[in-house]
Amino acid sequence: MFKILKKEPLNPTVTRMVIEAPLIARKAKAGQFIILRASEDGERIPLTIAGYDREAGTVDIIFQIVGATTMELNALNEGDSLPDFVGPLGKATEIEGLKKVAIVGGGVGCAIALPVAQALHEAGAVVHSIVGFRNKDLVILEDDFNACSDRVCMMTDDGSYGQKGVVTVALEQLIQEGNEYDEVIAIGPVIMMKFVCLTTKKYNIKTVISMNPIMVDGTGMCGGCRLTVGGETKFACVDGPDFDGHLVDFDEAMKRGAMYRDFEAHKREEACNLFKKEAE
């Protein structure tokens with residue numbers, strides 16, 4: 001069992017938990033993920049490792065409450081335990097040799113981008129972080145990004161905080177200012193990563209994106225997380241989750257990601273009704 005040591009709401013729909021998992025904390029690296037179950041008979045879901053403390057033996061997860069399982073997970077509290085917490089899985093983000101990098105995070109994807117920015121900062125790289133949210137109420141991890149970035153561009157769709165506009169607006173501004181990046185790393189909604197890659201392709205800047213498709217086993221056996229990259233089939237859980245963004249078939253990935261939308265909505269409604277009955 002894996003005890004929840006800390007639970008912290010980051011905004012109305014996003015929660016951070018600190019999990020006691022010393023064996024995972026010992027080997028975890030930025031960019032990797034875990035697969036967990038919130039209950040003995042619950043479904044398996046992948047969550048990116050949002051941080052770790054090797055000495056304390058803890059792993060941080062940050063999740064958005066969007067479906068039945070994340071609702072179930074969010075119903076747990078400090079002192080409760082998770083029956084399954086497996087990892088680290090996937091390949092770590094490659095940071096060796098990078099001197100100047102732009103990190104682009106969108107929404108809850110910022111939770112995945114943060115440990116990458118921190119790792120680059122610790123390695124001595126110049127880090128420019130561009131983080132985007134729909135509005136001020138959804139902003140998360142601002143202080144954390146400020147602590148590990150040489151420059152932070154805060155973007156909101158409605159202009160209620162920071163600069164108004166999408167993340168590609170700030171990215172193009174930074175590039176046109178003369179910043180020469182070894183690499184751009186983009187993590188967030190698939191549509192956001194697609195347009196980041198369209199932007200960087202104009203300037204011939206290598207761009208790495210982190211894909212989080214449907215996963216079941218995390219070992220490549222189920223095939224649920226397959227993607228087309230450079231015309232070849234890849235599996236996000238073992239070949240990624242990081243890929244060359246200029247080679248990813250984003251349209252196919254978005255289509256596959258929407259396949260179970262109706263089923264997910266039904267399961268969320270069931271979970272809502274269950275929690276209501278328990279509250280009564």
# chains A, B, ... in the order shown; residues from 1 in each chain; ligands from 1
>>> residues_around(residues="Glu232 in chain A", least_positions_apart="4", cutoff="10 Å", atoms="only C-alpha atoms", output="number ranges by chain")
A: 226-228, 247-249
>>> closest_residue(among="A:Thr199, A:Thr48, A:Gln32, A:Thr156", to="Leu174 in chain A", atoms="only C-alpha atoms")
A:Thr199
>>> residues_around(residues="Gly218 in chain A", least_positions_apart="3", cutoff="9 Å", atoms="only C-alpha atoms", output="number ranges by chain")
A: 34-35, 46, 89-90, 215, 221-222, 225, 236-238
>>> residues_around(residues="Cys148 in chain A", least_positions_apart="3", cutoff="8 Å", atoms="only C-alpha atoms", output="ChimeraX atom specification")
/A:117-118,121,127,144-145
>>> closest_residue(among="A:Phe85, A:Phe243, A:Tyr181, A:Phe235", to="Ile19 in chain A", atoms="only C-alpha atoms")
A:Phe85
>>> closest_residue(among="A:Gln173, A:Asn146, A:Asn204, A:Ser129", to="Ile103 in chain A", atoms="only C-alpha atoms")
A:Ser129
>>> closest_residue(among="A:Val108, A:Ile187, A:Val18, A:Ile205", to="Phe133 in chain A", atoms="only C-alpha atoms")
A:Val108
>>> closest_residue(among="A:Val166, A:Asn179, A:Gly109, A:Ala28", to="His128 in chain A", atoms="only C-alpha atoms")
A:Asn179
>>> select_by_dssp(residues="range 113-224 of chain A", states="strand (DSSP E or B)", output="number ranges by chain")
A: 126-133, 151-156, 163-164, 183-187, 207-210
>>> residues_around(residues="Cys197 in chain A", least_positions_apart="4", cutoff="9 Å", atoms="only C-alpha atoms", output="short mmCIF file (atom, residue, chain, number, x, y, z; two decimals) with C-alpha atoms, in the first residue's frame")
data_model
loop_
_atom_site.label_atom_id
_atom_site.label_comp_id
_atom_site.auth_asym_id
_atom_site.auth_seq_id
_atom_site.Cartn_x
_atom_site.Cartn_y
_atom_site.Cartn_z
CA VAL A 184 11.55 23.55 -27.35
CA ALA A 186 5.93 21.34 -25.15
CA MET A 192 -1.72 22.98 -28.17
CA MET A 193 1.32 20.81 -28.85
CA LYS A 201 8.87 24.16 -37.66
CA LYS A 202 8.96 27.56 -39.36
CA ILE A 205 13.82 24.40 -33.94
CA LYS A 206 13.84 20.85 -32.61
CA THR A 207 10.67 20.30 -30.61
CA VAL A 208 9.94 17.50 -28.15
CA ILE A 209 6.41 16.80 -26.97
CA GLY A 245 6.87 16.72 -32.31
CA HIS A 246 7.58 17.42 -35.97
#
>>> atom_distance(atom1="CA of Val104 in chain A", atom2="CA of Ala50 in chain A")
15.4 Å
>>> closest_residue(among="A:Lys91, A:Lys29, A:Arg134, A:Lys100", to="Met211 in chain A", atoms="only C-alpha atoms")
A:Lys91
>>> residues_around(residues="Glu142 in chain A", least_positions_apart="6", cutoff="9 Å", atoms="only C-alpha atoms", output="PyMOL selection string")
chain A and resi 131+152+154
>>> residues_around(residues="Leu73 in chain A", least_positions_apart="3", cutoff="6 Å", atoms="only C-alpha atoms", output="NGL selection string")
:A and (38 or 70 or 76)
>>> atom_distance(atom1="CA of Thr13 in chain A", atom2="CA of Arg54 in chain A")
28.1 Å
>>> atom_distance(atom1="CA of Ile62 in chain A", atom2="CA of Thr233 in chain A")
28.8 Å
